[in-house]
Amino acid sequence: MMDAVKNWWGGLSMRERWLVGVAGALAVAVLGWALGRPTVAAFLDLESRHRAAVEREGRVAAKAQLLSQRPAKAVAAAVDAVAMDQYLAQSAGEIGLTLDRNEPRGDRQATIAIAKAKAPTLTDWLASLEARGFVVDQLTITPAADGTVGMTAELRKGGQ
């Protein structure tokens, strides 16, 4: 086999040897690019997915810690001193959420609705309400086409 290649190479002129050499170098470069590009893309994708997973893990750990804490008695007393619907409207407004529906159901329950909100903001707000002693009895979150979510919920003060 090698003798056949040596005889073939020896039969080529100098110009043909240059052309075959350049064609071989280009073939090696294209083959290297074809194998290397997907490999590099895969490693970059793994890195970004790992970074996102680490961020998600941190948010979940923070929310779990927040949910495991008992509400402070001062916060519970402040919530009891204000009507529930007023407290919900005020706490939602402080973080930029607008309650489209805020219907009290007695002095310890309310039904609320938010038409448009960012999902992380909404879930953080609900988690903070739970940390303050509220219980979410029913929750419906629906995604919208623009990347936001809508929410309806029935809330009650804890201890009932």
# chains A, B, ... in the order shown; residues from 1 in each chain; ligands from 1
$ residues_around --residues "segment 61-64 of chain A" --least-positions-apart "4" --cutoff "9 Å" --atoms "only C-alpha atoms" --output "JSON, numbers by chain"
{"A": [56, 57, 68, 69, 124, 127, 128]}
$ residues_around --residues "Ala153 of chain A" --least-positions-apart "2" --cutoff "8 Å" --atoms "only C-alpha atoms" --output "PyMOL selection string"
chain A and resi 111-113+136-140+151+155
$ select_by_dssp --residues "segment 16-127 of chain A" --states "strand (DSSP E or B)" --output "PyMOL selection string"
chain A and resi 101-104+109-117
